[in-house]
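Undergrad: Here you go, upload_31.txt (compact mmCIF, C-alpha atoms):
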```
# COMPACT_ATOMS: atom_id res chain seq x y z
CA MET A 1 134.31 -51.69 -171.32
CA GLU A 2 132.89 -50.41 -174.58
CA ASP A 3 131.34 -46.93 -174.47
CA LEU A 4 127.89 -45.94 -175.60
CA PRO A 5 128.04 -44.42 -179.08
CA PRO A 6 127.39 -40.66 -179.16
CA ARG A 7 123.68 -39.79 -179.29
CA ALA A 8 122.86 -43.45 -178.68
CA LEU A 9 119.28 -42.80 -177.59
CA ALA A 10 118.50 -40.53 -180.56
CA ALA A 11 119.93 -43.13 -182.96
CA LEU A 12 117.84 -45.87 -181.35
CA GLU A 13 114.69 -43.72 -181.53
CA THR A 14 115.22 -43.23 -185.27
CA LEU A 15 115.57 -46.99 -185.67
CA LEU A 16 112.41 -47.62 -183.63
CA ARG A 17 110.49 -45.18 -185.83
CA LEU A 18 111.82 -46.68 -189.08
CA ARG A 19 111.12 -50.30 -188.15
CA ARG A 20 108.22 -51.76 -190.12
CA ASP A 21 106.47 -55.11 -190.28
CA VAL A 22 107.36 -55.69 -193.92
CA ARG A 23 105.01 -57.65 -196.20
CA ARG A 24 106.22 -56.54 -199.64
CA PHE A 25 109.65 -57.75 -200.59
CA ARG A 26 111.93 -57.45 -203.60
CA LEU A 27 112.92 -60.78 -205.09
CA ASP A 28 116.68 -60.02 -204.80
CA PRO A 29 118.49 -62.62 -202.73
CA LEU A 30 120.18 -61.48 -199.51
CA PRO A 31 123.91 -62.09 -199.12
CA ALA A 32 124.27 -65.20 -196.95
CA ASP A 33 126.97 -63.65 -194.78
CA ARG A 34 124.78 -60.65 -193.91
CA VAL A 35 121.92 -62.96 -192.94
CA ALA A 36 124.23 -65.17 -190.90
CA HIS A 37 125.62 -62.12 -189.09
CA LEU A 38 122.13 -60.87 -188.21
CA LEU A 39 121.07 -64.30 -186.96
CA ARG A 40 124.21 -64.57 -184.82
CA LEU A 41 123.41 -61.24 -183.12
CA THR A 42 120.37 -62.88 -181.50
CA ALA A 43 122.81 -64.52 -179.06
CA LEU A 44 123.15 -61.06 -177.45
CA ALA A 45 119.45 -60.92 -176.59
CA PRO A 46 118.42 -61.27 -172.95
CA SER A 47 117.04 -64.66 -171.90
CA VAL A 48 115.65 -65.90 -168.61
CA GLY A 49 118.50 -67.19 -166.43
CA LEU A 50 120.76 -66.98 -169.51
CA SER A 51 118.98 -70.11 -170.74
CA GLN A 52 119.08 -69.05 -174.43
CA PRO A 53 116.12 -71.27 -175.40
CA THR A 54 115.76 -69.77 -178.89
CA ARG A 55 116.18 -72.04 -181.91
CA LEU A 56 116.33 -70.52 -185.40
CA VAL A 57 115.44 -72.59 -188.45
CA LEU A 58 116.38 -71.29 -191.89
CA VAL A 59 113.64 -72.72 -194.09
CA GLU A 60 115.03 -73.32 -197.57
CA ASP A 61 113.36 -76.45 -198.93
CA PRO A 62 110.63 -75.50 -201.45
CA ALA A 63 108.25 -78.23 -200.25
CA ARG A 64 108.56 -77.09 -196.64
CA ARG A 65 107.99 -73.47 -197.67
CA GLU A 66 104.88 -74.55 -199.57
CA ALA A 67 103.59 -76.38 -196.47
CA VAL A 68 104.00 -73.15 -194.50
CA ARG A 69 102.15 -71.18 -197.18
CA ALA A 70 99.37 -73.77 -197.14
CA SER A 71 99.03 -73.36 -193.36
CA PHE A 72 98.85 -69.59 -193.84
CA ARG A 73 96.14 -69.90 -196.52
CA ARG A 74 94.02 -72.15 -194.30
CA CYS A 75 94.42 -70.02 -191.16
CA ASN A 76 93.89 -66.79 -193.07
CA ALA A 77 90.65 -68.09 -194.61
CA GLU A 78 89.44 -69.05 -191.12
CA ALA A 79 90.39 -65.66 -189.69
CA LEU A 80 88.59 -63.92 -192.54
CA ALA A 81 85.45 -65.96 -191.82
CA ALA A 82 85.73 -65.13 -188.10
CA ALA A 83 86.32 -61.39 -188.65
CA GLN A 84 83.68 -58.84 -187.69
CA PRO A 85 81.28 -58.73 -190.71
CA GLU A 86 81.79 -55.01 -191.27
CA ARG A 87 85.55 -55.59 -191.34
CA ARG A 88 85.62 -58.55 -193.74
CA ALA A 89 86.15 -56.61 -196.96
CA ALA A 90 88.94 -54.55 -195.37
CA TYR A 91 90.52 -57.75 -194.00
CA ALA A 92 90.47 -59.38 -197.43
CA GLY A 93 92.33 -56.36 -198.84
CA LEU A 94 95.23 -56.52 -196.40
CA LYS A 95 98.51 -58.09 -197.40
CA LEU A 96 99.27 -60.15 -194.32
CA ALA A 97 102.32 -62.17 -195.31
CA GLY A 98 105.37 -61.89 -197.52
CA LEU A 99 105.70 -65.67 -197.87
CA ASP A 100 105.35 -65.48 -201.66
CA ARG A 101 108.46 -63.40 -202.37
CA ALA A 102 110.73 -63.04 -199.33
CA PRO A 103 114.09 -64.64 -200.14
CA VAL A 104 114.81 -65.68 -196.54
CA HIS A 105 112.42 -67.53 -194.21
CA VAL A 106 113.27 -68.08 -190.53
CA ALA A 107 111.10 -70.07 -188.13
CA VAL A 108 111.66 -69.38 -184.45
CA PHE A 109 111.12 -71.91 -181.66
CA SER A 110 111.80 -72.07 -177.92
CA VAL A 111 112.96 -75.20 -176.12
CA ALA A 112 110.43 -76.21 -173.46
CA ASP A 113 112.85 -77.15 -170.67
CA PRO A 114 116.46 -76.31 -171.56
CA ALA A 115 119.31 -77.54 -169.39
CA GLN A 116 121.12 -74.26 -169.96
CA GLY A 117 120.35 -71.75 -167.20
CA HIS A 118 119.60 -74.53 -164.68
CA GLY A 119 115.98 -73.43 -164.36
CA LEU A 120 116.86 -70.00 -162.99
CA GLY A 121 114.12 -67.39 -163.01
CA ARG A 122 111.32 -69.44 -164.57
CA HIS A 123 109.95 -71.49 -161.69
CA THR A 124 106.72 -69.45 -161.36
CA MET A 125 106.66 -68.12 -164.94
CA PRO A 126 107.76 -70.81 -167.44
CA GLU A 127 106.36 -68.59 -170.22
CA THR A 128 109.54 -66.51 -169.84
CA LEU A 129 111.19 -69.10 -172.11
CA ASP A 130 108.87 -68.13 -174.97
CA TYR A 131 109.40 -64.49 -174.01
CA SER A 132 113.15 -65.04 -174.39
CA ALA A 133 112.60 -66.14 -177.98
CA VAL A 134 110.55 -62.97 -178.55
CA LEU A 135 113.46 -60.89 -177.23
CA ALA A 136 115.73 -62.63 -179.75
CA ILE A 137 113.23 -61.90 -182.53
CA HIS A 138 113.11 -58.20 -181.66
CA THR A 139 116.90 -58.12 -181.59
CA LEU A 140 116.96 -59.61 -185.09
CA TRP A 141 114.22 -57.24 -186.27
CA LEU A 142 116.05 -54.08 -185.17
CA ALA A 143 119.41 -55.34 -186.47
CA ALA A 144 117.87 -56.16 -189.86
CA CYS A 145 116.27 -52.71 -190.02
CA ALA A 146 119.60 -51.08 -189.13
CA ASP A 147 121.15 -53.08 -191.98
CA GLY A 148 118.48 -51.98 -194.50
CA ILE A 149 116.76 -55.38 -194.47
CA GLY A 150 113.03 -55.73 -193.92
CA LEU A 151 111.44 -58.30 -191.62
CA GLY A 152 107.82 -59.41 -191.39
CA TRP A 153 106.39 -61.53 -188.57
CA VAL A 154 103.75 -64.01 -189.74
CA SER A 155 101.47 -65.26 -186.94
CA ILE A 156 98.49 -66.42 -189.03
CA LEU A 157 99.70 -70.03 -188.90
CA ASP A 158 98.86 -73.24 -187.09
CA PRO A 159 101.77 -73.99 -184.72
CA ALA A 160 101.24 -77.77 -184.98
CA GLU A 161 101.32 -77.61 -188.78
CA ILE A 162 104.54 -75.58 -188.78
CA ARG A 163 106.19 -77.95 -186.32
CA ALA A 164 105.23 -80.88 -188.54
CA ALA A 165 106.27 -79.13 -191.76
CA LEU A 166 109.73 -78.37 -190.36
CA ASP A 167 110.19 -81.67 -188.52
CA VAL A 168 111.54 -80.16 -185.31
CA PRO A 169 112.08 -81.94 -181.97
CA ALA A 170 108.96 -82.63 -179.88
CA ASP A 171 109.96 -80.20 -177.11
CA TRP A 172 110.30 -77.15 -179.39
CA ARG A 173 107.46 -74.64 -179.13
CA PHE A 174 106.66 -72.61 -182.25
CA VAL A 175 106.95 -68.86 -181.56
CA ALA A 176 107.10 -67.06 -184.90
CA TYR A 177 107.70 -67.31 -188.63
CA LEU A 178 109.77 -64.49 -190.08
CA CYS A 179 110.24 -63.31 -193.65
CA LEU A 180 113.36 -61.31 -194.49
CA GLY A 181 114.34 -59.47 -197.65
CA LEU A 182 114.86 -56.06 -199.16
CA PRO A 183 111.68 -54.01 -198.71
CA GLU A 184 109.88 -53.25 -201.98
CA ARG A 185 109.09 -49.74 -200.82
CA GLU A 186 109.72 -47.63 -197.77
CA ASP A 187 106.94 -45.82 -196.10
CA ASP A 188 106.54 -43.41 -193.23
CA VAL A 189 103.23 -44.95 -192.33
CA PRO A 190 102.60 -48.63 -191.57
CA GLU A 191 100.24 -50.34 -194.01
CA LEU A 192 97.61 -50.98 -191.32
CA GLU A 193 97.46 -47.22 -190.68
CA ARG A 194 97.53 -46.29 -194.38
CA ARG A 195 94.58 -48.57 -195.04
CA GLY A 196 92.64 -47.31 -192.04
CA TRP A 197 92.62 -50.67 -190.25
CA GLU A 198 94.06 -49.27 -187.04
CA ARG A 199 96.14 -46.33 -185.84
CA ARG A 200 99.05 -46.18 -183.42
CA ARG A 201 98.23 -44.65 -180.03
CA PRO A 202 100.29 -43.36 -177.11
CA ALA A 203 101.55 -45.79 -174.47
CA VAL A 204 99.11 -46.48 -171.63
CA ILE A 205 100.79 -45.61 -168.33
CA LEU A 206 99.06 -45.86 -164.95
CA ARG A 207 100.22 -45.15 -161.40
CA ARG A 208 99.62 -47.32 -158.37
CA MET B 1 111.09 -40.32 -194.55
CA GLU B 2 113.77 -40.23 -191.87
CA ASP B 3 117.10 -41.76 -192.83
CA LEU B 4 119.00 -44.43 -190.95
CA PRO B 5 121.74 -42.85 -188.84
CA PRO B 6 125.27 -43.49 -190.13
CA ARG B 7 126.69 -46.81 -188.94
CA ALA B 8 123.28 -47.72 -187.54
CA LEU B 9 124.01 -51.43 -187.28
CA ALA B 10 127.37 -50.93 -185.53
CA ALA B 11 125.73 -48.55 -183.04
CA LEU B 12 122.96 -51.05 -182.34
CA GLU B 13 125.48 -53.87 -181.87
CA THR B 14 127.31 -51.81 -179.24
CA LEU B 15 124.02 -51.22 -177.45
CA LEU B 16 123.16 -54.94 -177.59
CA ARG B 17 126.55 -55.79 -176.07
CA LEU B 18 126.25 -53.17 -173.31
CA ARG B 19 122.73 -54.11 -172.24
CA ARG B 20 122.66 -55.84 -168.87
CA ASP B 21 119.97 -57.28 -166.63
CA VAL B 22 120.76 -54.89 -163.77
CA ARG B 23 120.26 -56.01 -160.15
CA ARG B 24 122.43 -53.49 -158.30
CA PHE B 25 121.17 -49.92 -158.38
CA ARG B 26 122.26 -46.59 -156.95
CA LEU B 27 119.67 -44.97 -154.70
CA ASP B 28 119.64 -41.73 -156.76
CA PRO B 29 116.18 -40.91 -158.06
CA LEU B 30 115.66 -40.79 -161.83
CA PRO B 31 114.34 -37.56 -163.38
CA ALA B 32 110.61 -38.10 -163.94
CA ASP B 33 110.70 -36.61 -167.45
CA ARG B 34 113.44 -39.04 -168.55
CA VAL B 35 111.44 -41.98 -167.23
CA ALA B 36 108.25 -40.71 -168.87
CA HIS B 37 110.07 -40.29 -172.19
CA LEU B 38 111.42 -43.85 -172.05
CA LEU B 39 107.99 -45.26 -171.20
CA ARG B 40 106.38 -43.34 -174.07
CA LEU B 41 108.86 -44.86 -176.54
CA THR B 42 107.24 -48.26 -175.95
CA ALA B 43 104.39 -47.06 -178.22
CA LEU B 44 106.84 -47.52 -181.13
CA ALA B 45 107.21 -51.25 -180.42
CA PRO B 46 105.63 -53.72 -182.82
CA SER B 47 102.37 -55.33 -181.68
CA VAL B 48 100.19 -57.96 -183.27
CA GLY B 49 97.70 -56.28 -185.62
CA LEU B 50 98.74 -52.91 -184.11
CA SER B 51 96.68 -53.94 -181.07
CA GLN B 52 99.08 -52.29 -178.55
CA PRO B 53 97.91 -54.49 -175.66
CA THR B 54 100.72 -53.37 -173.32
CA ARG B 55 99.81 -51.65 -170.05
CA LEU B 56 102.53 -50.07 -167.92
CA VAL B 57 102.01 -49.51 -164.21
CA LEU B 58 104.38 -47.21 -162.33
CA VAL B 59 104.42 -48.72 -158.85
CA GLU B 60 105.02 -45.95 -156.31
CA ASP B 61 103.00 -46.80 -153.21
CA PRO B 62 105.30 -48.21 -150.49
CA ALA B 63 102.74 -50.81 -149.36
CA ARG B 64 102.28 -52.11 -152.90
CA ARG B 65 106.06 -52.28 -153.38
CA GLU B 66 106.35 -54.24 -150.16
CA ALA B 67 103.68 -56.70 -151.38
CA VAL B 68 105.76 -57.25 -154.53
CA ARG B 69 108.90 -57.83 -152.45
CA ALA B 70 106.97 -60.30 -150.28
CA SER B 71 105.92 -62.24 -153.38
CA PHE B 72 109.54 -62.29 -154.52
CA ARG B 73 110.75 -63.58 -151.16
CA ARG B 74 108.17 -66.39 -151.16
CA CYS B 75 108.80 -67.42 -154.77
CA ASN B 76 112.56 -67.17 -154.39
CA ALA B 77 112.51 -69.42 -151.31
CA GLU B 78 110.46 -71.98 -153.26
CA ALA B 79 112.81 -71.80 -156.24
CA LEU B 80 115.80 -72.27 -153.94
CA ALA B 81 114.17 -75.36 -152.41
CA ALA B 82 113.42 -76.71 -155.91
CA ALA B 83 116.92 -76.04 -157.28
CA GLN B 84 119.25 -78.90 -158.11
CA PRO B 85 120.95 -79.78 -154.76
CA GLU B 86 124.45 -79.18 -156.09
CA ARG B 87 123.35 -75.73 -157.27
CA ARG B 88 121.62 -74.59 -154.08
CA ALA B 89 124.55 -72.77 -152.49
CA ALA B 90 125.33 -70.99 -155.75
CA TYR B 91 121.65 -70.06 -156.15
CA ALA B 92 121.53 -68.59 -152.64
CA GLY B 93 124.52 -66.39 -153.51
CA LEU B 94 122.94 -64.82 -156.59
CA LYS B 95 121.40 -61.37 -156.40
CA LEU B 96 118.19 -61.94 -158.32
CA ALA B 97 116.26 -58.72 -157.87
CA GLY B 98 116.89 -55.02 -157.39
CA LEU B 99 113.57 -54.47 -155.63
CA ASP B 100 115.28 -53.17 -152.50
CA ARG B 101 116.95 -50.12 -154.03
CA ALA B 102 115.72 -49.37 -157.57
CA PRO B 103 114.04 -45.93 -157.55
CA VAL B 104 111.55 -46.81 -160.33
CA HIS B 105 109.34 -49.92 -160.48
CA VAL B 106 107.26 -50.69 -163.58
CA ALA B 107 104.86 -53.63 -163.82
CA VAL B 108 103.94 -54.72 -167.33
CA PHE B 109 100.65 -56.34 -168.30
CA SER B 110 98.90 -57.30 -171.54
CA VAL B 111 95.17 -56.94 -172.14
CA ALA B 112 93.61 -60.34 -172.86
CA ASP B 113 91.27 -59.34 -175.69
CA PRO B 114 91.81 -55.71 -176.76
CA ALA B 115 89.35 -54.02 -179.13
CA GLN B 116 92.28 -52.21 -180.77
CA GLY B 117 93.57 -54.17 -183.78
CA HIS B 118 90.19 -55.83 -184.35
CA GLY B 119 91.65 -59.28 -183.65
CA LEU B 120 94.05 -59.15 -186.57
CA GLY B 121 96.87 -61.70 -186.57
CA ARG B 122 96.07 -63.50 -183.32
CA HIS B 123 93.30 -65.92 -184.25
CA THR B 124 95.53 -69.02 -184.11
CA MET B 125 98.16 -67.58 -181.74
CA PRO B 126 96.54 -65.46 -179.00
CA GLU B 127 99.87 -65.59 -177.13
CA THR B 128 101.09 -62.93 -179.59
CA LEU B 129 99.37 -60.40 -177.29
CA ASP B 130 101.74 -61.30 -174.46
CA TYR B 131 104.58 -61.33 -177.00
CA SER B 132 103.63 -57.76 -177.96
CA ALA B 133 104.15 -56.70 -174.34
CA VAL B 134 107.56 -58.39 -174.42
CA LEU B 135 108.46 -56.38 -177.54
CA ALA B 136 107.51 -53.20 -175.64
CA ILE B 137 109.68 -54.29 -172.70
CA HIS B 138 112.70 -54.88 -174.95
CA THR B 139 112.12 -51.48 -176.55
CA LEU B 140 112.16 -49.88 -173.08
CA TRP B 141 115.20 -51.92 -172.06
CA LEU B 142 117.34 -50.83 -175.01
CA ALA B 143 116.18 -47.21 -174.75
CA ALA B 144 117.02 -47.13 -171.04
CA CYS B 145 120.47 -48.60 -171.74
CA ALA B 146 121.04 -46.00 -174.48
CA ASP B 147 120.13 -43.32 -171.91
CA GLY B 148 122.54 -44.70 -169.29
CA ILE B 149 119.75 -46.18 -167.17
CA GLY B 150 119.82 -49.78 -166.00
CA LEU B 151 116.83 -52.14 -166.14
CA GLY B 152 116.32 -55.47 -164.42
CA TRP B 153 113.51 -57.91 -165.24
CA VAL B 154 112.16 -59.74 -162.18
CA SER B 155 110.30 -62.96 -163.03
CA ILE B 156 110.55 -64.74 -159.66
CA LEU B 157 107.04 -63.60 -158.71
CA ASP B 158 103.55 -65.07 -158.46
CA PRO B 159 101.47 -63.42 -161.22
CA ALA B 160 98.24 -63.70 -159.19
CA GLU B 161 99.88 -62.02 -156.19
CA ILE B 162 101.19 -59.15 -158.33
CA ARG B 163 97.82 -58.62 -159.99
CA ALA B 164 96.20 -58.48 -156.54
CA ALA B 165 98.90 -56.21 -155.09
CA LEU B 166 98.46 -53.71 -157.91
CA ASP B 167 94.67 -53.99 -158.18
CA VAL B 168 94.56 -54.18 -161.98
CA PRO B 169 91.53 -55.07 -164.14
CA ALA B 170 90.60 -58.75 -164.32
CA ASP B 171 91.53 -59.10 -168.01
CA TRP B 172 95.13 -57.91 -167.59
CA ARG B 173 97.77 -60.63 -167.74
CA PHE B 174 100.96 -60.08 -165.77
CA VAL B 175 104.01 -60.21 -168.03
CA ALA B 176 106.94 -58.71 -166.14
CA TYR B 177 108.10 -56.56 -163.24
CA LEU B 178 110.90 -54.14 -164.09
CA CYS B 179 113.31 -52.23 -161.87
CA LEU B 180 114.94 -49.10 -163.29
CA GLY B 181 117.69 -46.92 -161.89
CA LEU B 182 121.28 -45.87 -162.33
CA PRO B 183 123.46 -48.99 -162.31
CA GLU B 184 125.73 -49.24 -159.27
CA ARG B 185 128.57 -50.54 -161.41
CA GLU B 186 129.17 -51.34 -165.01
CA ASP B 187 130.62 -54.60 -166.06
CA ASP B 188 131.71 -56.23 -169.25
CA VAL B 189 130.51 -59.59 -168.01
CA PRO B 190 126.98 -60.39 -166.79
CA GLU B 191 126.78 -61.44 -163.15
CA LEU B 192 125.57 -64.96 -164.04
CA GLU B 193 128.74 -65.46 -166.08
CA ARG B 194 131.04 -63.84 -163.50
CA ARG B 195 129.71 -66.18 -160.83
CA GLY B 196 129.97 -69.24 -163.05
CA TRP B 197 126.22 -69.95 -163.06
CA GLU B 198 125.99 -70.04 -166.84
CA ARG B 199 127.82 -68.76 -169.91
CA ARG B 200 126.53 -67.14 -173.08
CA ARG B 201 126.68 -69.37 -176.14
CA PRO B 202 126.36 -68.79 -179.89
CA ALA B 203 122.93 -68.72 -181.51
CA VAL B 204 121.59 -72.13 -182.55
CA ILE B 205 120.79 -72.03 -186.28
CA LEU B 206 119.51 -75.04 -188.25
CA ARG B 207 118.56 -75.51 -191.88
CA ARG B 208 115.49 -77.29 -193.18
```
Please go through the file and, once you have read it, give me the structure as structure tokens.
TA:
Amino acid sequence: MEDLPPRALAALETLLRLRRDVRRFRLDPLPADRVAHLLRLTALAPSVGLSQPTRLVLVEDPARREAVRASFRRCNAEALAAAQPERRAAYAGLKLAGLDRAPVHVAVFSVADPAQGHGLGRHTMPETLDYSAVLAIHTLWLAACADGIGLGWVSILDPAEIRAALDVPADWRFVAYLCLGLPEREDDVPELERRGWERRRPAVILRR
Amino acid sequence: MEDLPPRALAALETLLRLRRDVRRFRLDPLPADRVAHLLRLTALAPSVGLSQPTRLVLVEDPARREAVRASFRRCNAEALAAAQPERRAAYAGLKLAGLDRAPVHVAVFSVADPAQGHGLGRHTMPETLDYSAVLAIHTLWLAACADGIGLGWVSILDPAEIRAALDVPADWRFVAYLCLGLPEREDDVPELERRGWERRRPAVILRR
């Protein structure tokens, strides 16, 4: 049995504090073997009943990437129009995606009813399949950060449009679209806090 | 700006390999300050638009714990009845919850429409609020593992029954029920693999 590395919790805490949702990327390509290694690490993530429903799609085709950007532009314009009026100018000033420059794009899906796992653990909560994909995403996010690579999660997209743009099987649910690349700058403070959109608060813990 | 610890990726990989979904706990209590520290670290998890919708409930009341165990027994009996016939005996032999012995129980919820974050990033994908709670859970899971504490995620529960048992606000969605404690044993191989229920496979990566 492997041992915990010394000061494992302190090292993890540093990583948790350094992790950012990166929107500003350098144009430098990422070495393919480093990306492949990070993607493979997602197999270590927990999944309900060991069902491993996560499917990763490396999006490389320029036309498909443009279809994703088009979905983002449409959804972002709608979200801007739906934003609280006093927040609209601030919203318009936020950089909400790194789709223009990130060298690596990864779309993440979960299989709706995988044979693997034999249904264990998801009878009353089938949403745990999507949650399993989220656990894989967080695994990738932390591993990328530990490797000096930035990751940004884009959720301002229409799931049906992304599924069509990437031509995936009918039973794959769209969970997230991720941009990876070298971060353009490093910052102690997340952009949403720097721009006064929102601030991080302590965890909410109740007793019952 | 803090620096990455040396060999940050290798340390994280060890942690990812050591993490287990723990079902067998020692009865020893956990020091309250260690538990509180781990719970507070969830505030560092990513959340959509920095909305931090996660709500943690430390379940301590014996009657409430018994209501959770009763929900598990009901749901587990139903899942057993619904299992593939050739799998039923194997299912009955699995230990699927540590609710009987774990000294610390934490229920995790997400707020349906939090004011924090001002709606950012979830216009087309409101499920990213539940995903944010999952990111907090994975943060807690890895931190607990790094601190030598085991965590088990129980999903064989009826969300409505858990919400009623814990008397939470109407707009809280139930995401997960977690058991924490010192693991009774450590093992290189997850129980589902040891018992031949399922085996871990490589990540599925496609190109488009």
Undergrad: Expressed in Å to a single decimal, how great is the separation between CA of Ile205 in chain A and CA of Thr14 in chain B?
TA: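 Going from CA of Ile205 in chain A over to CA of Thr14 in chain B covers 29.3 Å.
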Undergrad: Could you pull the residues within 8 Å of range 88-103 of chain B, counting only C-alpha atoms, minus those fewer than 2 positions along the same chain, as a list of chain:residue names?
TA: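 Close residues of range 88-103 of chain B: B:Val22, B:Arg23, B:Arg24, B:Phe25, B:Arg26, B:Leu27, B:Asp28, B:Pro29, B:Leu30, B:Arg69, B:Leu80, B:Ala81, B:Ala83, B:Gln84, B:Pro85, B:Glu86, B:His105, B:Gly152, B:Trp153, B:Val154, B:Cys179, B:Leu180, B:Gly181, B:Leu192, B:Trp197.
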Undergrad: Dump as a ChimeraX atom specification the residues of chain B that approach chain A to within 7 Å, counting only C-alpha atoms.
TA: /B:1,4-5,8-9,11-12,14-17,40,42-44,50,55-61,79,117,121-125,131,134-135,138,143,146-147,155-158,166,188,198,200-208
Undergrad: If you measure from CA of Arg73 in chain B to CA of Ala164 in chain B, what distance in Å do you get, rounded to one decimal?
TA: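 For CA of Arg73 in chain B relative to CA of Ala164 in chain B, the distance reads 16.3 Å.
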Undergrad: What is the CA of Phe109 in chain B-CA of Phe72 in chain B distance in Å, reported with one decimal?
TA: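 Value for the CA of Phe109 in chain B-CA of Phe72 in chain B distance: 17.4 Å.
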Undergrad: Write out as lines of an AutoDock Vina configuration file an axis-aligned box for range 191-203 of chain A: all of its atoms listed in the file, 5 Å added on each side, centre and edge lengths in Å with one decimal.
TA:
```
center_x = 97.1
center_y = -47.2
center_z = -184.8
size_x = 18.9
size_y = 17.6
size_z = 30.6
```
Undergrad: Counting all atoms listed in the file, figure out which residue out of B:Ala77, B:Leu182, B:His37, B:Arg194 gets nearest to Val104 in chain B.
TA: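 Comparing B:Ala77, B:Leu182, B:His37, B:Arg194 against Val104 in chain B, the winner is B:Leu182.
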Undergrad: Considering all atoms listed in the file, can you say which of A:Glu66, A:Glu191, A:Asp113, A:Glu184 comes closest to Glu161 in chain A?
TA: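 With all atoms listed in the file as the atom set, the closest residue is A:Glu66.
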